[in-house]
$ cat upload_12.cif   # mmCIF, N, CA and C atoms
data_my_file
loop_
_atom_site.group_PDB
_atom_site.id
_atom_site.type_symbol
_atom_site.label_atom_id
_atom_site.label_comp_id
_atom_site.auth_asym_id
_atom_site.auth_seq_id
_atom_site.Cartn_x
_atom_site.Cartn_y
_atom_site.Cartn_z
ATOM 1 N N MET A 6 72.162 -70.952 -26.446
ATOM 2 C CA MET A 6 71.858 -71.958 -27.448
ATOM 3 C C MET A 6 72.922 -71.898 -28.550
ATOM 4 N N ASN A 7 73.258 -73.054 -29.109
ATOM 5 C CA ASN A 7 74.282 -73.144 -30.144
ATOM 6 C C ASN A 7 73.853 -72.374 -31.399
ATOM 7 N N PRO A 8 74.694 -71.484 -31.924
ATOM 8 C CA PRO A 8 74.322 -70.692 -33.106
ATOM 9 C C PRO A 8 74.034 -71.545 -34.339
ATOM 10 N N LEU A 9 74.761 -72.678 -34.500
ATOM 11 C CA LEU A 9 74.488 -73.543 -35.643
ATOM 12 C C LEU A 9 73.121 -74.201 -35.526
ATOM 13 N N TYR A 10 72.722 -74.550 -34.283
ATOM 14 C CA TYR A 10 71.398 -75.120 -34.080
ATOM 15 C C TYR A 10 70.331 -74.087 -34.427
ATOM 16 N N ILE A 11 70.541 -72.864 -34.029
ATOM 17 C CA ILE A 11 69.589 -71.795 -34.330
ATOM 18 C C ILE A 11 69.480 -71.605 -35.837
ATOM 19 N N ALA A 12 70.633 -71.579 -36.537
ATOM 20 C CA ALA A 12 70.621 -71.400 -37.988
ATOM 21 C C ALA A 12 69.942 -72.572 -38.678
ATOM 22 N N ALA A 13 70.163 -73.790 -38.181
ATOM 23 C CA ALA A 13 69.576 -74.974 -38.809
ATOM 24 C C ALA A 13 68.084 -75.084 -38.522
ATOM 25 N N SER A 14 67.622 -74.559 -37.388
ATOM 26 C CA SER A 14 66.216 -74.707 -37.024
ATOM 27 C C SER A 14 65.338 -73.604 -37.620
ATOM 28 N N TYR A 15 65.950 -72.645 -38.271
ATOM 29 C CA TYR A 15 65.191 -71.555 -38.861
ATOM 30 C C TYR A 15 64.359 -72.058 -40.035
ATOM 31 N N HIS A 16 63.121 -71.678 -40.093
ATOM 32 C CA HIS A 16 62.241 -72.037 -41.206
ATOM 33 C C HIS A 16 61.791 -70.754 -41.887
ATOM 34 N N PRO A 17 62.025 -70.645 -43.216
ATOM 35 C CA PRO A 17 61.732 -69.372 -43.884
ATOM 36 C C PRO A 17 60.264 -68.970 -43.848
ATOM 37 N N ALA A 18 59.350 -69.931 -43.758
ATOM 38 C CA ALA A 18 57.929 -69.576 -43.754
ATOM 39 C C ALA A 18 57.503 -69.012 -42.404
ATOM 40 N N TYR A 19 58.177 -69.440 -41.332
ATOM 41 C CA TYR A 19 57.753 -69.030 -40.003
ATOM 42 C C TYR A 19 58.725 -68.054 -39.357
ATOM 43 N N GLY A 20 60.011 -68.253 -39.614
ATOM 44 C CA GLY A 20 61.008 -67.370 -39.027
ATOM 45 C C GLY A 20 61.146 -67.599 -37.533
ATOM 46 N N PHE A 21 62.040 -66.882 -36.909
ATOM 47 C CA PHE A 21 62.152 -66.858 -35.461
ATOM 48 C C PHE A 21 62.783 -65.547 -35.067
ATOM 49 N N GLY A 22 62.341 -64.985 -34.004
ATOM 50 C CA GLY A 22 62.910 -63.747 -33.503
ATOM 51 C C GLY A 22 62.933 -62.620 -34.520
ATOM 52 N N GLY A 23 61.936 -62.543 -35.388
ATOM 53 C CA GLY A 23 61.890 -61.485 -36.376
ATOM 54 C C GLY A 23 62.757 -61.754 -37.589
ATOM 55 N N GLY A 24 63.206 -63.000 -37.790
ATOM 56 C CA GLY A 24 64.048 -63.348 -38.928
ATOM 57 C C GLY A 24 63.260 -63.274 -40.233
ATOM 58 N N SER A 25 63.968 -63.405 -41.342
ATOM 59 C CA SER A 25 63.316 -63.312 -42.627
ATOM 60 C C SER A 25 63.906 -64.336 -43.576
ATOM 61 N N TRP A 26 63.301 -64.473 -44.735
ATOM 62 C CA TRP A 26 63.806 -65.400 -45.744
ATOM 63 C C TRP A 26 65.178 -64.958 -46.235
ATOM 64 N N LEU A 27 65.437 -63.657 -46.213
ATOM 65 C CA LEU A 27 66.723 -63.151 -46.652
ATOM 66 C C LEU A 27 67.835 -63.597 -45.702
ATOM 67 N N ALA A 28 67.580 -63.532 -44.405
ATOM 68 C CA ALA A 28 68.568 -63.995 -43.426
ATOM 69 C C ALA A 28 68.822 -65.484 -43.604
ATOM 70 N N HIS A 29 67.778 -66.242 -43.836
ATOM 71 C CA HIS A 29 67.910 -67.685 -44.072
ATOM 72 C C HIS A 29 68.774 -67.942 -45.303
ATOM 73 N N THR A 30 68.553 -67.194 -46.364
ATOM 74 C CA THR A 30 69.318 -67.367 -47.598
ATOM 75 C C THR A 30 70.786 -67.021 -47.380
ATOM 76 N N VAL A 31 71.055 -65.952 -46.686
ATOM 77 C CA VAL A 31 72.435 -65.534 -46.437
ATOM 78 C C VAL A 31 73.164 -66.555 -45.569
ATOM 79 N N VAL A 32 72.544 -66.976 -44.480
ATOM 80 C CA VAL A 32 73.167 -67.962 -43.592
ATOM 81 C C VAL A 32 73.398 -69.272 -44.344
ATOM 82 N N GLY A 33 72.419 -69.713 -45.123
ATOM 83 C CA GLY A 33 72.570 -70.942 -45.899
ATOM 84 C C GLY A 33 73.694 -70.847 -46.910
ATOM 85 N N SER A 34 73.818 -69.709 -47.562
ATOM 86 C CA SER A 34 74.891 -69.515 -48.545
ATOM 87 C C SER A 34 76.262 -69.542 -47.882
ATOM 88 N N ILE A 35 76.370 -68.911 -46.741
ATOM 89 C CA ILE A 35 77.654 -68.890 -46.031
ATOM 90 C C ILE A 35 78.033 -70.299 -45.583
ATOM 91 N N LEU A 36 77.075 -71.034 -45.008
ATOM 92 C CA LEU A 36 77.363 -72.394 -44.556
ATOM 93 C C LEU A 36 77.741 -73.297 -45.722
ATOM 94 N N ARG A 37 77.016 -73.203 -46.829
ATOM 95 C CA ARG A 37 77.348 -74.017 -48.001
ATOM 96 C C ARG A 37 78.734 -73.671 -48.526
ATOM 97 N N GLY A 38 79.054 -72.396 -48.567
ATOM 98 C CA GLY A 38 80.373 -71.964 -49.021
ATOM 99 C C GLY A 38 81.489 -72.521 -48.150
ATOM 100 N N LEU A 39 81.291 -72.500 -46.830
ATOM 101 C CA LEU A 39 82.296 -73.047 -45.921
ATOM 102 C C LEU A 39 82.467 -74.550 -46.117
ATOM 103 N N ILE A 40 81.347 -75.250 -46.305
ATOM 104 C CA ILE A 40 81.408 -76.699 -46.522
ATOM 105 C C ILE A 40 82.116 -77.012 -47.829
ATOM 106 N N TYR A 41 81.737 -76.347 -48.920
ATOM 107 C CA TYR A 41 82.364 -76.606 -50.215
ATOM 108 C C TYR A 41 83.844 -76.257 -50.185
ATOM 109 N N ARG A 42 84.204 -75.172 -49.531
ATOM 110 C CA ARG A 42 85.609 -74.771 -49.445
ATOM 111 C C ARG A 42 86.427 -75.821 -48.688
ATOM 112 N N SER A 43 85.878 -76.333 -47.583
ATOM 113 C CA SER A 43 86.617 -77.336 -46.810
ATOM 114 C C SER A 43 86.757 -78.638 -47.599
ATOM 115 N N ILE A 44 85.709 -79.037 -48.321
ATOM 116 C CA ILE A 44 85.803 -80.240 -49.153
ATOM 117 C C ILE A 44 86.854 -80.034 -50.235
ATOM 118 N N TRP A 45 86.847 -78.884 -50.880
ATOM 119 C CA TRP A 45 87.808 -78.599 -51.949
ATOM 120 C C TRP A 45 89.235 -78.652 -51.413
ATOM 121 N N SER A 46 89.489 -78.027 -50.250
ATOM 122 C CA SER A 46 90.854 -78.018 -49.746
ATOM 123 C C SER A 46 91.293 -79.387 -49.232
ATOM 124 N N LEU A 47 90.361 -80.198 -48.713
ATOM 125 C CA LEU A 47 90.731 -81.527 -48.237
ATOM 126 C C LEU A 47 91.032 -82.486 -49.389
ATOM 127 N N THR A 48 90.320 -82.345 -50.497
ATOM 128 C CA THR A 48 90.478 -83.284 -51.598
ATOM 129 C C THR A 48 91.450 -82.797 -52.667
ATOM 130 N N ARG A 49 91.996 -81.640 -52.501
ATOM 131 C CA ARG A 49 92.928 -81.099 -53.487
ATOM 132 C C ARG A 49 94.187 -81.961 -53.531
ATOM 133 N N GLY A 50 94.571 -82.371 -54.712
ATOM 134 C CA GLY A 50 95.751 -83.211 -54.875
ATOM 135 C C GLY A 50 95.478 -84.697 -54.777
ATOM 136 N N MET A 51 94.234 -85.077 -54.479
ATOM 137 C CA MET A 51 93.887 -86.501 -54.394
ATOM 138 C C MET A 51 93.445 -87.000 -55.763
ATOM 139 N N SER A 52 93.662 -88.287 -56.003
ATOM 140 C CA SER A 52 93.201 -88.871 -57.261
ATOM 141 C C SER A 52 91.694 -89.119 -57.184
ATOM 142 N N THR A 53 91.092 -89.377 -58.334
ATOM 143 C CA THR A 53 89.647 -89.635 -58.381
ATOM 144 C C THR A 53 89.299 -90.877 -57.564
ATOM 145 N N GLY A 54 90.115 -91.904 -57.658
ATOM 146 C CA GLY A 54 89.878 -93.130 -56.887
ATOM 147 C C GLY A 54 89.894 -92.887 -55.392
ATOM 148 N N GLU A 55 90.826 -92.059 -54.933
ATOM 149 C CA GLU A 55 90.909 -91.734 -53.505
ATOM 150 C C GLU A 55 89.688 -90.939 -53.046
ATOM 151 N N ILE A 56 89.234 -90.036 -53.878
ATOM 152 C CA ILE A 56 88.053 -89.240 -53.533
ATOM 153 C C ILE A 56 86.817 -90.130 -53.463
ATOM 154 N N ILE A 57 86.672 -91.052 -54.413
ATOM 155 C CA ILE A 57 85.524 -91.965 -54.397
ATOM 156 C C ILE A 57 85.572 -92.855 -53.162
ATOM 157 N N THR A 58 86.757 -93.380 -52.825
ATOM 158 C CA THR A 58 86.902 -94.211 -51.631
ATOM 159 C C THR A 58 86.546 -93.421 -50.376
ATOM 160 N N LEU A 59 87.037 -92.196 -50.283
ATOM 161 C CA LEU A 59 86.736 -91.342 -49.137
ATOM 162 C C LEU A 59 85.235 -91.083 -49.024
ATOM 163 N N THR A 60 84.584 -90.862 -50.160
ATOM 164 C CA THR A 60 83.140 -90.622 -50.175
ATOM 165 C C THR A 60 82.375 -91.843 -49.684
ATOM 166 N N VAL A 61 82.743 -93.023 -50.177
ATOM 167 C CA VAL A 61 82.058 -94.261 -49.771
ATOM 168 C C VAL A 61 82.246 -94.507 -48.276
ATOM 169 N N VAL A 62 83.451 -94.315 -47.778
ATOM 170 C CA VAL A 62 83.719 -94.500 -46.348
ATOM 171 C C VAL A 62 82.933 -93.486 -45.517
ATOM 172 N N GLY A 63 82.869 -92.241 -45.979
ATOM 173 C CA GLY A 63 82.109 -91.215 -45.257
ATOM 174 C C GLY A 63 80.622 -91.519 -45.195
ATOM 175 N N ILE A 64 80.067 -91.962 -46.322
ATOM 176 C CA ILE A 64 78.636 -92.305 -46.342
ATOM 177 C C ILE A 64 78.360 -93.506 -45.443
ATOM 178 N N ALA A 65 79.249 -94.504 -45.461
ATOM 179 C CA ALA A 65 79.074 -95.674 -44.591
ATOM 180 C C ALA A 65 79.146 -95.272 -43.120
ATOM 181 N N ALA A 66 80.059 -94.365 -42.779
ATOM 182 C CA ALA A 66 80.189 -93.913 -41.394
ATOM 183 C C ALA A 66 78.935 -93.172 -40.934
ATOM 184 N N VAL A 67 78.427 -92.288 -41.769
ATOM 185 C CA VAL A 67 77.205 -91.551 -41.418
ATOM 186 C C VAL A 67 76.027 -92.513 -41.271
ATOM 187 N N SER A 68 75.958 -93.505 -42.141
ATOM 188 C CA SER A 68 74.878 -94.495 -42.073
ATOM 189 C C SER A 68 74.944 -95.279 -40.760
ATOM 190 N N CYS A 69 76.146 -95.686 -40.359
ATOM 191 C CA CYS A 69 76.307 -96.421 -39.098
ATOM 192 C C CYS A 69 75.903 -95.568 -37.895
ATOM 193 N N VAL A 70 76.299 -94.317 -37.914
ATOM 194 C CA VAL A 70 75.951 -93.419 -36.814
ATOM 195 C C VAL A 70 74.441 -93.228 -36.743
ATOM 196 N N CYS A 71 73.790 -93.052 -37.890
ATOM 197 C CA CYS A 71 72.341 -92.869 -37.907
ATOM 198 C C CYS A 71 71.607 -94.104 -37.398
ATOM 199 N N ARG A 72 72.111 -95.266 -37.728
ATOM 200 C CA ARG A 72 71.479 -96.509 -37.240
ATOM 201 C C ARG A 72 71.621 -96.642 -35.744
ATOM 202 N N ARG A 73 72.772 -96.227 -35.194
ATOM 203 C CA ARG A 73 72.977 -96.309 -33.739
ATOM 204 C C ARG A 73 72.068 -95.336 -32.998
ATOM 205 N N ILE A 74 71.802 -94.199 -33.592
ATOM 206 C CA ILE A 74 70.964 -93.191 -32.938
ATOM 207 C C ILE A 74 69.516 -93.663 -32.840
ATOM 208 N N ARG A 75 69.046 -94.347 -33.867
ATOM 209 C CA ARG A 75 67.656 -94.832 -33.837
ATOM 210 C C ARG A 75 67.504 -95.821 -32.771
#
$ encode --input "upload_12.cif" --output "structure tokens"
Amino acid sequence: MNPLYIAASYHPAYGFGGGSWLAHTVVGSILRGLIYRSIWSLTRGMSTGEIITLTVVGIAAVSCVCRRIR
């Protein structure tokens, strides 16, 4: 099974495989850190207008994908 799927499906109230809320917190912190770091490095050196345009295009793309899945 995909490790990211396992990490995303973990619920702190129920756990899985003997997991705990601490493991959930650590995994969540690491994933958030990786996401924020990648966003920071991708947008470094871009103007505010370019970042806003990129954000709007990204949200529109995710919205289109979600509509197709339904």
$ axis_aligned_box --input "upload_12.cif" --around "stretch 42-59 of chain A" --padding-each-side "4 Å" --output "JSON"
{"center_x": 90.0, "center_y": -84.5, "center_z": -52.6, "size_x": 19.5, "size_y": 27.4, "size_z": 19.6}
$ atom_distance --input "upload_12.cif" --atom1 "atom CA of A:Thr48" --atom2 "atom C of A:Val61"
14.3 Å
$ atom_distance --input "upload_12.cif" --atom1 "atom N of A:Ser46" --atom2 "atom N of A:Gly33"
19.7 Å
$ atom_distance --input "upload_12.cif" --atom1 "atom CA of A:Thr60" --atom2 "atom CA of A:Ile44"
10.8 Å
$ decode --input "upload_12.cif" --residues "stretch 33-64 of chain A" --atoms "N, CA, C and O atoms" --output "tab-separated table (two decimals), in the first residue's frame"
chain	number	residue	atom	x	y	z
A	33	GLY	N	2.28	14.57	10.01
A	33	GLY	CA	1.65	15.78	9.50
A	33	GLY	C	2.61	16.95	9.44
A	33	GLY	O	2.62	17.72	8.47
A	34	SER	N	3.43	17.10	10.46
A	34	SER	CA	4.41	18.19	10.48
A	34	SER	C	5.45	18.04	9.37
A	34	SER	O	5.82	19.02	8.72
A	35	ILE	N	5.90	16.83	9.16
A	35	ILE	CA	6.89	16.59	8.11
A	35	ILE	C	6.29	16.88	6.74
A	35	ILE	O	6.90	17.56	5.91
A	36	LEU	N	5.07	16.39	6.49
A	36	LEU	CA	4.43	16.63	5.20
A	36	LEU	C	4.18	18.11	4.97
A	36	LEU	O	4.43	18.63	3.88
A	37	ARG	N	3.70	18.82	5.99
A	37	ARG	CA	3.48	20.26	5.85
A	37	ARG	C	4.78	20.99	5.57
A	37	ARG	O	4.84	21.90	4.75
A	38	GLY	N	5.84	20.61	6.27
A	38	GLY	CA	7.14	21.22	6.05
A	38	GLY	C	7.64	21.02	4.62
A	38	GLY	O	8.16	21.95	4.01
A	39	LEU	N	7.47	19.81	4.09
A	39	LEU	CA	7.88	19.54	2.71
A	39	LEU	C	7.07	20.37	1.72
A	39	LEU	O	7.62	20.90	0.74
A	40	ILE	N	5.77	20.48	1.96
A	40	ILE	CA	4.91	21.27	1.07
A	40	ILE	C	5.29	22.73	1.13
A	40	ILE	O	5.47	23.39	0.09
A	41	TYR	N	5.44	23.30	2.32
A	41	TYR	CA	5.80	24.71	2.45
A	41	TYR	C	7.17	24.99	1.85
A	41	TYR	O	7.37	26.01	1.20
A	42	ARG	N	8.12	24.09	2.04
A	42	ARG	CA	9.46	24.27	1.49
A	42	ARG	C	9.41	24.28	-0.04
A	42	ARG	O	10.07	25.09	-0.69
A	43	SER	N	8.64	23.37	-0.63
A	43	SER	CA	8.56	23.32	-2.09
A	43	SER	C	7.87	24.57	-2.64
A	43	SER	O	8.30	25.11	-3.67
A	44	ILE	N	6.82	25.04	-1.97
A	44	ILE	CA	6.16	26.28	-2.40
A	44	ILE	C	7.13	27.44	-2.31
A	44	ILE	O	7.22	28.27	-3.23
A	45	TRP	N	7.87	27.54	-1.22
A	45	TRP	CA	8.82	28.64	-1.03
A	45	TRP	C	9.88	28.62	-2.12
A	45	TRP	O	10.21	29.64	-2.71
A	46	SER	N	10.44	27.44	-2.43
A	46	SER	CA	11.50	27.40	-3.43
A	46	SER	C	10.96	27.64	-4.84
A	46	SER	O	11.67	28.21	-5.66
A	47	LEU	N	9.72	27.24	-5.12
A	47	LEU	CA	9.16	27.47	-6.45
A	47	LEU	C	8.82	28.94	-6.68
A	47	LEU	O	8.92	29.43	-7.80
A	48	THR	N	8.38	29.63	-5.64
A	48	THR	CA	7.94	31.01	-5.80
A	48	THR	C	9.03	32.03	-5.48
A	48	THR	O	8.80	33.23	-5.62
A	49	ARG	N	10.17	31.58	-5.10
A	49	ARG	CA	11.26	32.50	-4.76
A	49	ARG	C	11.70	33.26	-6.01
A	49	ARG	O	11.96	32.68	-7.06
A	50	GLY	N	11.77	34.56	-5.91
A	50	GLY	CA	12.16	35.39	-7.04
A	50	GLY	C	11.01	35.82	-7.93
A	50	GLY	O	11.22	36.55	-8.89
A	51	MET	N	9.80	35.34	-7.64
A	51	MET	CA	8.63	35.74	-8.44
A	51	MET	C	8.01	36.99	-7.84
A	51	MET	O	8.09	37.22	-6.64
A	52	SER	N	7.37	37.78	-8.70
A	52	SER	CA	6.68	38.97	-8.20
A	52	SER	C	5.35	38.55	-7.57
A	52	SER	O	4.87	37.43	-7.77
A	53	THR	N	4.75	39.47	-6.83
A	53	THR	CA	3.46	39.19	-6.18
A	53	THR	C	2.39	38.87	-7.22
A	53	THR	O	1.58	37.97	-7.03
A	54	GLY	N	2.38	39.61	-8.31
A	54	GLY	CA	1.41	39.37	-9.38
A	54	GLY	C	1.54	37.98	-9.97
A	54	GLY	O	0.54	37.31	-10.26
A	55	GLU	N	2.77	37.53	-10.17
A	55	GLU	CA	3.00	36.18	-10.71
A	55	GLU	C	2.54	35.10	-9.74
A	55	GLU	O	1.96	34.10	-10.15
A	56	ILE	N	2.78	35.33	-8.47
A	56	ILE	CA	2.36	34.35	-7.45
A	56	ILE	C	0.83	34.28	-7.40
A	56	ILE	O	0.26	33.19	-7.32
A	57	ILE	N	0.16	35.43	-7.45
A	57	ILE	CA	-1.30	35.44	-7.43
A	57	ILE	C	-1.86	34.75	-8.67
A	57	ILE	O	-2.80	33.94	-8.58
A	58	THR	N	-1.27	35.02	-9.84
A	58	THR	CA	-1.71	34.36	-11.07
A	58	THR	C	-1.52	32.85	-10.98
A	58	THR	O	-2.41	32.08	-11.35
A	59	LEU	N	-0.37	32.43	-10.48
A	59	LEU	CA	-0.10	31.00	-10.32
A	59	LEU	C	-1.11	30.35	-9.37
A	59	LEU	O	-1.60	29.25	-9.62
A	60	THR	N	-1.44	31.05	-8.29
A	60	THR	CA	-2.41	30.54	-7.33
A	60	THR	C	-3.79	30.38	-7.96
A	60	THR	O	-4.45	29.34	-7.79
A	61	VAL	N	-4.23	31.39	-8.70
A	61	VAL	CA	-5.55	31.33	-9.35
A	61	VAL	C	-5.60	30.19	-10.36
A	61	VAL	O	-6.58	29.43	-10.41
A	62	VAL	N	-4.56	30.04	-11.15
A	62	VAL	CA	-4.50	28.96	-12.14
A	62	VAL	C	-4.49	27.59	-11.44
A	62	VAL	O	-5.18	26.66	-11.87
A	63	GLY	N	-3.75	27.48	-10.35
A	63	GLY	CA	-3.71	26.21	-9.61
A	63	GLY	C	-5.06	25.84	-9.01
A	63	GLY	O	-5.49	24.69	-9.10
A	64	ILE	N	-5.74	26.83	-8.44
A	64	ILE	CA	-7.07	26.55	-7.86
A	64	ILE	C	-8.06	26.18	-8.96
A	64	ILE	O	-8.87	25.25	-8.78
